[in-house]
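These notes concern the structure reproduced below.
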There are 2 protein chains.
Amino acid sequence: MTQLELARSGMISPAMERVAEREGVPPEAIRKGVAEGTIVIPANVNHSRLDPCAIGKGMRTKVNANIGTSPDYGDVETELEKVRAVLEFKADTVMDLSTGGDVDAVRRAIVAACPLPLGTVPIYQAGLEAVEKYRSLEAMTPDDLFSVIQRHAQDGVDFVTVHCGVTQAAVARLRKEGRLVDIVSRGGSFLAGWMLHNGQENPLYEQFPRLLDIALKYDVTLSLGDGLRPGGIADATDRAQVEELLVLGELVEAARAAGVQVMVEGPGHVPLDQVVTNVQLEKRVCQGAPFYVLGPLVTDVAAGYDHISAAIGGAVAAAAGADFLCYVTPAEHLGLPDPEDVKVGIIAARIAGHAADLVKGVAGAWEWDNAMSRARKALDWPEQARLSMDPARSLRVHAQHATAGAACSMCGAFCAMAYAKKYLGGGKGRVSGVFDT
Amino acid sequence: MTQLELARSGMISPAMERVAEREGVPPEAIRKGVAEGTIVIPANVNHSRLDPCAIGKGMRTKVNANIGTSPDYGDVETELEKVRAVLEFKADTVMDLSTGGDVDAVRRAIVAACPLPLGTVPIYQAGLEAVEKYRSLEAMTPDDLFSVIQRHAQDGVDFVTVHCGVTQAAVARLRKEGRLVDIVSRGGSFLAGWMLHNGQENPLYEQFPRLLDIALKYDVTLSLGDGLRPGGIADATDRAQVEELLVLGELVEAARAAGVQVMVEGPGHVPLDQVVTNVQLEKRVCQGAPFYVLGPLVTDVAAGYDHISAAIGGAVAAAAGADFLCYVTPAEHLGLPDPEDVKVGIIAARIAGHAADLVKGVAGAWEWDNAMSRARKALDWPEQARLSMDPARSLRVHAQHATAGAACSMCGAFCAMAYAKKYLGGGKGRVSGVFDT
């Protein structure tokens, strides 16, 4: 039985127990959310090392880190190194988006090594194999695609992105309205091309029950991909994007009816004043299904710093109800991220998620900030570092410029915090110097 | 006559002409905004090298970069190097917050070198000089303070932060309610201590007309500082902060009545769901005076990455009407920023400001993003770099991993953009590889 089926039958599974403990909420709250479909617990029955996490309403906002080979770079060792960075900097899930080398071997190595829920986008591998087999991507058959999905499910992948909403009708809407940047989702682009070339409907849509059978068997959570997500803010929330979302809403109902856990993916590039709209639209149209957003990037011109653009959009989205943030690294739009980019991308997304958790009533969120404030007032630098998202960096930057007193090198003896204590009291860590003479 | 007096008399000054040209709006729109006080043009009559900029309603959101010596670090040469970084990465204004070395020499060198509007916080130097003169900060006299303000004005400083709203009543409110982090503004901390020690009212409040006289003579824009701004999100929007804001609102009226340009400073550390509230409150209470925010930081735990926390808060604040963002660097809360921190801090704040400009109807904002989208679709890498905020970084990251085709190393031959063209048309820059076999 899937977690959804278990929850509906009134059972609290070990995975529900575990995520309740991690979230600091009663197990029954988890069971109820899973039963309603507002919470998912991606937990493939074959992922034996998994420490499950919950994604959805009332849960801490989760962060996903994408790793994986490209056609030109990466191998098993490189990807396992990225997994270690992902664990160290505390992403909640990881997606293996490999498109080069021995894709099966990379995926299996990650499943074996990684306690985080693992996601994949099977159509990437299906595309690669079609080129190998037929020397043509468009010659891929629906059976080829489903066989890759089955392989990923059997290997223990916890959630798969499936672009089921890229229908002929949605692509027609896109062509009718026109776009500045057309299609930027790899899966969406591939499927649209395949459909236009072959004059057929999207097999992931047409044979959705077949997908549900696989998902049900292994309890793979479906992550309904947004293949027509905007690739520039000018294309955001256009008719093609919304049409696709309407289809995804219908498929959410179908998946839930079949006992399959399901979440929905969202944009992408979205101007700041449309971010909340996008979240509300998804929540309404997809009946409260967990919302997994990529960014959203609130401007197109931040190349080299797109993790910041994504953090702005991600924080606003999560505060409005988005449940799951896919990280964007500083290398986005420019090239393959290196391990430092992975780290910075994770931390930026965690800042966004936590900023949202503070205002959406997530258990325990405020305690963290308040502990930091107390450590600041006390000028307790080791404690400040311990409480920061990247303790090593905090210690290094602090140590970079030495000062005589307890204050940092920004103000030195001219420390407001230390001076305020003289008249307002409290805290340890007196500073000697200008203010104290 | 100040810009405000000129505008009220119906005159369009050369500074108004120039900022109209820079903003792409009619000069009369600038004159009207300045006359109403919703726009300021900090332009000291003695700052001969100044290329003026406008801050306020309908204007592009501006970014300030803080530089200056600390008691332990910095000298004229170091600070001029920071000025060059500030100009290269396109902050709109610069504040010299020097608290060490020859503060007069540093300030005069910056005025001479820098075409950007320059701001200072005169009370820092007044505090330093009091310690030198009396060996006690609390022994500073109001005359000492006003003489420093006069010196800064005469030297050509375009705007000064003056914490006029830290009144005995506001400090009493702070003590009555209690705070997690008390006072974190250096000026606010110093003034509160001075007031409590001497049992006197804040001289900047009590002798506000004296401040207006100096400002009027040199056309120094007053930036009414938030000396009781929260230093942790738990303290945000508390009674002390709001009390201070109410006083600032009254002083805005008094300044305008005297013909003095005035803006208002805001927090600080603010949870995401209080950011818009803070902007609306300032705009209402201070009758549309330009709002200059520091961050706001939406979480306390992002040390080492506070530029990201600030970009989230800054974007939301600016979209709600904040006009001027003070940058926060990655070194915030840890130590003195180095030139790389200055650069990253500026770019993060510019991303936030631009994300807001896109949604608040600033002239020309969308053209930039749309040009980037077109360059992306065309896989035109030099043009993408040219359009990015940090062209050198864009080029470097892109070149880091070589690929065979026109696409970047993220997807290589598996490029969605390139594949979409095959079926949806448009753009130059075909890619050969997987998708094209």
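Quick note on naming: the chains in the structure tokens go A, B, ... in the order shown, residues restart at 1 in each chain, and ligands are numbered from 1 in order of appearance.
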Skipping near chain neighbours, those fewer than 2 positions away, what residues fall within 6 Å of region 300-316 of chain A using only C-alpha atoms, listed as a PyMOL selection string?
(chain A and resi 295-298+318-319+328-331+345+348-349+352-353+356) or (chain B and resi 308+312+369+388+394)
Limited to C-alpha atoms, could you put the picked residues into a file as a JSON list (two decimals), in the first residue's frame?
```json
[["chain", "number", "residue", "atom", "x", "y", "z"],
["A", 295, "GLY", "CA", 12.72, 29.55, -8.27],
["A", 296, "PRO", "CA", 10.70, 31.39, -9.34],
["A", 297, "LEU", "CA", 13.16, 33.88, -10.74],
["A", 298, "VAL", "CA", 11.78, 37.39, -10.43],
["A", 318, "ALA", "CA", 6.63, 29.66, -0.02],
["A", 319, "ALA", "CA", 5.10, 32.31, 2.22],
["A", 328, "VAL", "CA", 18.82, 27.47, -8.46],
["A", 329, "THR", "CA", 22.58, 27.81, -8.40],
["A", 330, "PRO", "CA", 24.78, 30.78, -9.33],
["A", 331, "ALA", "CA", 25.69, 28.85, -12.50],
["A", 345, "GLY", "CA", 22.31, 27.21, -4.28],
["A", 348, "ALA", "CA", 20.00, 30.45, -0.83],
["A", 349, "ALA", "CA", 16.94, 28.20, -1.15],
["A", 352, "ALA", "CA", 14.04, 31.51, 1.23],
["A", 353, "GLY", "CA", 12.25, 28.52, 2.73],
["A", 356, "ALA", "CA", 8.63, 31.69, 4.65],
["B", 308, "ILE", "CA", 20.39, 37.12, 0.16],
["B", 312, "ILE", "CA", 14.30, 39.02, -0.30],
["B", 369, "ASP", "CA", 14.63, 41.55, -19.21],
["B", 388, "SER", "CA", 23.86, 40.73, -17.08],
["B", 394, "SER", "CA", 28.82, 35.69, -16.65]]
```
Let me make sure I understand: among A:Arg186, A:His269, A:Arg376, A:Lys176, which one has the smallest atom-to-atom distance to chain B if we use only C-alpha atoms?
A:Arg186
According to DSSP computed on the backbone, where in region 190-330 of chain B is there alpha helix (DSSP H)? Give the residues as number ranges by chain.
B: 190-198, 203-206, 208-218, 239-257, 272-285, 306-319
Identify, on the basis of only C-alpha atoms, every residue whose closest approach to Lys82 (chain B) does not exceed 8 Å; exclude the query and any residue fewer than 5 positions from it along the same chain; express the result as a list in words.
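So the residues in contact are Ile67, Pro339 and Val342 of chain B.
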Requested write-out: N, CA and C atoms of the selected residues, as a JSON list (two decimals), in the first residue's frame:
```json
[["chain", "number", "residue", "atom", "x", "y", "z"],
["B", 67, "ILE", "N", 30.54, 52.38, 2.67],
["B", 67, "ILE", "CA", 31.97, 52.11, 2.78],
["B", 67, "ILE", "C", 32.46, 52.86, 4.01],
["B", 339, "PRO", "N", 36.44, 44.20, -0.71],
["B", 339, "PRO", "CA", 35.90, 44.68, -1.99],
["B", 339, "PRO", "C", 34.97, 43.66, -2.68],
["B", 342, "VAL", "N", 31.67, 44.00, -1.14],
["B", 342, "VAL", "CA", 31.03, 45.23, -1.63],
["B", 342, "VAL", "C", 30.34, 44.96, -2.96]]
```
Using only C-alpha atoms, find each residue of region 233-296 of chain B with at least one atom at most 12 Å away from an atom of region 140-160 of chain B; report its shortest atom-to-atom pair and that distance in Å (one decimal), sort the rows by chain and rising residue number, and return the result as a tab-separated table.
```
residue	atom	partner	partner_atom	distance
B:Val260	CA	B:Phe159	CA	11.1
B:Gln261	CA	B:Phe159	CA	9.2
B:Val262	CA	B:Phe159	CA	8.9
B:Met263	CA	B:Phe159	CA	9.4
B:Val264	CA	B:Val160	CA	11.0
B:Glu265	CA	B:Val160	CA	11.1
B:Tyr292	CA	B:Phe159	CA	11.9
```
Could you turn the residues from that selection into a file that holds N, CA and C atoms, as an mmCIF file, in the first residue's frame?
```
data_model
loop_
_atom_site.group_PDB
_atom_site.id
_atom_site.type_symbol
_atom_site.label_atom_id
_atom_site.label_comp_id
_atom_site.auth_asym_id
_atom_site.auth_seq_id
_atom_site.Cartn_x
_atom_site.Cartn_y
_atom_site.Cartn_z
ATOM 1 N N VAL B 260 13.405 72.019 3.225
ATOM 2 C CA VAL B 260 14.498 71.043 3.292
ATOM 3 C C VAL B 260 14.021 69.693 2.750
ATOM 4 N N GLN B 261 14.827 69.114 1.877
ATOM 5 C CA GLN B 261 14.501 67.789 1.354
ATOM 6 C C GLN B 261 14.687 66.738 2.454
ATOM 7 N N VAL B 262 13.795 65.750 2.464
ATOM 8 C CA VAL B 262 13.831 64.795 3.561
ATOM 9 C C VAL B 262 13.364 63.415 3.106
ATOM 10 N N MET B 263 14.060 62.391 3.613
ATOM 11 C CA MET B 263 13.585 61.015 3.422
ATOM 12 C C MET B 263 13.655 60.315 4.777
ATOM 13 N N VAL B 264 13.140 59.092 4.829
ATOM 14 C CA VAL B 264 13.004 58.384 6.099
ATOM 15 C C VAL B 264 13.639 57.001 5.972
ATOM 16 N N GLU B 265 14.379 56.631 7.013
ATOM 17 C CA GLU B 265 15.019 55.317 6.997
ATOM 18 C C GLU B 265 14.165 54.276 7.731
ATOM 19 N N TYR B 292 13.826 54.680 2.747
ATOM 20 C CA TYR B 292 15.183 54.132 2.571
ATOM 21 C C TYR B 292 15.328 52.992 3.562
#
```
Residues within 12 Å of Ser409 (chain B), only C-alpha atoms, excluding chain neighbours under 3 positions, as a ChimeraX atom specification
/A:69-74,99-100,331-338 /B:397-406,412-415
For those residues, write N, CA, C and O atoms to a file as a CSV table (one decimal), in the first residue's frame.
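Output file selection.csv follows:
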```
chain,number,residue,atom,x,y,z
A,69,THR,N,24.9,14.1,-14.2
A,69,THR,CA,25.8,14.3,-15.3
A,69,THR,C,25.2,15.1,-16.4
A,69,THR,O,24.0,15.2,-16.6
A,70,SER,N,26.0,15.8,-17.2
A,70,SER,CA,25.6,16.4,-18.5
A,70,SER,C,26.2,15.5,-19.6
A,70,SER,O,27.0,14.7,-19.3
A,71,PRO,N,25.8,15.8,-20.9
A,71,PRO,CA,26.4,15.0,-21.9
A,71,PRO,C,27.9,15.1,-21.9
A,71,PRO,O,28.6,14.2,-22.3
A,72,ASP,N,28.5,16.2,-21.4
A,72,ASP,CA,29.9,16.4,-21.5
A,72,ASP,C,30.7,16.2,-20.2
A,72,ASP,O,31.9,16.0,-20.2
A,73,TYR,N,29.9,16.2,-19.0
A,73,TYR,CA,30.6,16.2,-17.8
A,73,TYR,C,30.0,15.3,-16.8
A,73,TYR,O,28.8,15.0,-16.8
A,74,GLY,N,30.8,14.8,-15.8
A,74,GLY,CA,30.2,14.0,-14.7
A,74,GLY,C,30.3,12.5,-14.8
A,74,GLY,O,30.3,12.0,-16.0
A,99,THR,N,22.2,13.3,-17.8
A,99,THR,CA,22.0,13.1,-19.2
A,99,THR,C,23.2,12.7,-20.0
A,99,THR,O,23.4,13.0,-21.1
A,100,GLY,N,24.2,12.1,-19.2
A,100,GLY,CA,25.4,11.7,-19.9
A,100,GLY,C,26.0,10.6,-19.1
A,100,GLY,O,25.7,10.3,-18.0
A,331,ALA,N,25.3,29.2,-11.1
A,331,ALA,CA,25.7,28.9,-12.5
A,331,ALA,C,24.5,28.8,-13.5
A,331,ALA,O,24.7,28.6,-14.7
A,332,GLU,N,23.3,28.9,-12.9
A,332,GLU,CA,22.1,28.8,-13.8
A,332,GLU,C,22.2,29.7,-15.0
A,332,GLU,O,22.6,30.8,-14.9
A,333,HIS,N,21.8,29.2,-16.1
A,333,HIS,CA,21.8,29.9,-17.4
A,333,HIS,C,23.2,30.1,-18.0
A,333,HIS,O,23.3,30.7,-19.1
A,334,LEU,N,24.2,29.6,-17.3
A,334,LEU,CA,25.5,29.8,-17.8
A,334,LEU,C,26.3,28.5,-18.0
A,334,LEU,O,27.1,28.4,-18.9
A,335,GLY,N,26.1,27.5,-17.1
A,335,GLY,CA,26.8,26.3,-17.3
A,335,GLY,C,26.5,25.3,-16.1
A,335,GLY,O,25.6,25.6,-15.3
A,336,LEU,N,27.2,24.2,-16.1
A,336,LEU,CA,27.0,23.2,-15.1
A,336,LEU,C,27.5,23.7,-13.8
A,336,LEU,O,28.6,24.2,-13.7
A,337,PRO,N,26.7,23.5,-12.7
A,337,PRO,CA,27.2,24.0,-11.4
A,337,PRO,C,28.4,23.1,-10.9
A,337,PRO,O,28.4,21.9,-11.1
A,338,ASP,N,29.3,23.7,-10.2
A,338,ASP,CA,30.4,23.0,-9.5
A,338,ASP,C,29.9,22.8,-8.0
A,338,ASP,O,28.9,23.3,-7.6
B,397,VAL,N,31.9,32.2,-15.8
B,397,VAL,CA,31.1,30.9,-15.4
B,397,VAL,C,30.8,30.2,-16.7
B,397,VAL,O,30.9,28.9,-16.8
B,398,HIS,N,30.4,30.9,-17.7
B,398,HIS,CA,30.0,30.2,-19.0
B,398,HIS,C,31.2,29.5,-19.6
B,398,HIS,O,31.0,28.4,-20.1
B,399,ALA,N,32.3,30.1,-19.5
B,399,ALA,CA,33.5,29.5,-20.2
B,399,ALA,C,34.1,28.4,-19.3
B,399,ALA,O,35.0,27.6,-19.8
B,400,GLN,N,33.7,28.3,-18.1
B,400,GLN,CA,34.3,27.3,-17.2
B,400,GLN,C,34.3,25.9,-17.7
B,400,GLN,O,35.3,25.1,-17.5
B,401,HIS,N,33.2,25.5,-18.2
B,401,HIS,CA,33.1,24.1,-18.8
B,401,HIS,C,32.8,24.3,-20.3
B,401,HIS,O,31.7,24.8,-20.7
B,402,ALA,N,33.7,23.8,-21.1
B,402,ALA,CA,33.6,23.9,-22.5
B,402,ALA,C,32.5,22.9,-23.0
B,402,ALA,O,32.3,21.9,-22.5
B,403,THR,N,31.8,23.3,-24.1
B,403,THR,CA,30.9,22.3,-24.8
B,403,THR,C,31.2,22.5,-26.3
B,403,THR,O,31.7,23.5,-26.8
B,404,ALA,N,30.7,21.4,-27.0
B,404,ALA,CA,30.9,21.4,-28.5
B,404,ALA,C,30.0,22.4,-29.2
B,404,ALA,O,30.4,23.2,-30.0
B,405,GLY,N,28.7,22.4,-28.8
B,405,GLY,CA,27.7,23.2,-29.6
B,405,GLY,C,27.6,24.6,-29.1
B,405,GLY,O,28.4,25.2,-28.4
B,406,ALA,N,26.5,25.2,-29.5
B,406,ALA,CA,26.2,26.6,-29.1
B,406,ALA,C,25.6,26.7,-27.7
B,406,ALA,O,25.5,27.8,-27.1
B,412,GLY,N,24.3,20.9,-22.5
B,412,GLY,CA,25.1,20.6,-23.7
B,412,GLY,C,24.2,20.4,-24.9
B,412,GLY,O,23.3,21.2,-25.1
B,413,ALA,N,24.4,19.2,-25.6
B,413,ALA,CA,23.6,19.0,-26.8
B,413,ALA,C,22.1,18.8,-26.4
B,413,ALA,O,21.2,18.8,-27.3
B,414,PHE,N,21.8,18.6,-25.2
B,414,PHE,CA,20.4,18.3,-24.7
B,414,PHE,C,19.7,19.6,-24.3
B,414,PHE,O,19.1,19.7,-23.3
B,415,CYS,N,19.8,20.6,-25.2
B,415,CYS,CA,19.4,22.0,-24.9
B,415,CYS,C,17.9,22.2,-25.3
B,415,CYS,O,17.6,22.1,-26.5
```
Contacts of region 265-308 of chain B with region 39-43 of chain B up to 9 Å, shortest pair per row, only C-alpha atoms, as a tab-separated table:
```
residue	atom	partner	partner_atom	distance
B:Gly288	CA	B:Ile39	CA	8.9
B:Ala289	CA	B:Ile39	CA	7.4
B:Pro290	CA	B:Ile39	CA	6.3
```
Nearby residues (only C-alpha atoms) at most 8 Å from region 243-245 of chain A, same-chain spacing under 5 positions excluded, as JSON, numbers by chain
{"A": [165, 166, 167, 170, 173, 226, 228, 282, 285, 286]}
What's around Ser373 (chain B) at 12 Å? Count only C-alpha atoms, leave out sequence neighbours fewer than 3 positions away in its own chain, and write the answer as an MDAnalysis selection string.
(chainID A and resid 179:184 230:235 269 299:303 333) or (chainID B and resid 366:370 376:381 383:384 387:388 417 427)
Which of these residues is nearest to Val293 (chain B), using only C-alpha atoms: B:Ile347, B:Gly187, B:Val63, B:Leu222?
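Comparing B:Ile347, B:Gly187, B:Val63, B:Leu222 against Val293 (chain B), the winner is B:Val63.
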Provide the CA of Ala254 (chain B) to CA of Thr161 (chain B) distance in Å, to one decimal place.
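Atom-to-atom, CA of Ala254 (chain B) to CA of Thr161 (chain B), that is 16.4 Å.
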What separation in Å, quoted to one decimal, exists between CA of Tyr205 (chain B) and CA of Ala240 (chain B)?
15.9 Å
Of the residues A:Val106, A:Ile30, A:Val242, A:Leu395, which is the one nearest to Arg229 (chain A), using only C-alpha atoms?
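Of the candidates, the smallest distance to Arg229 (chain A) is held by A:Val242.
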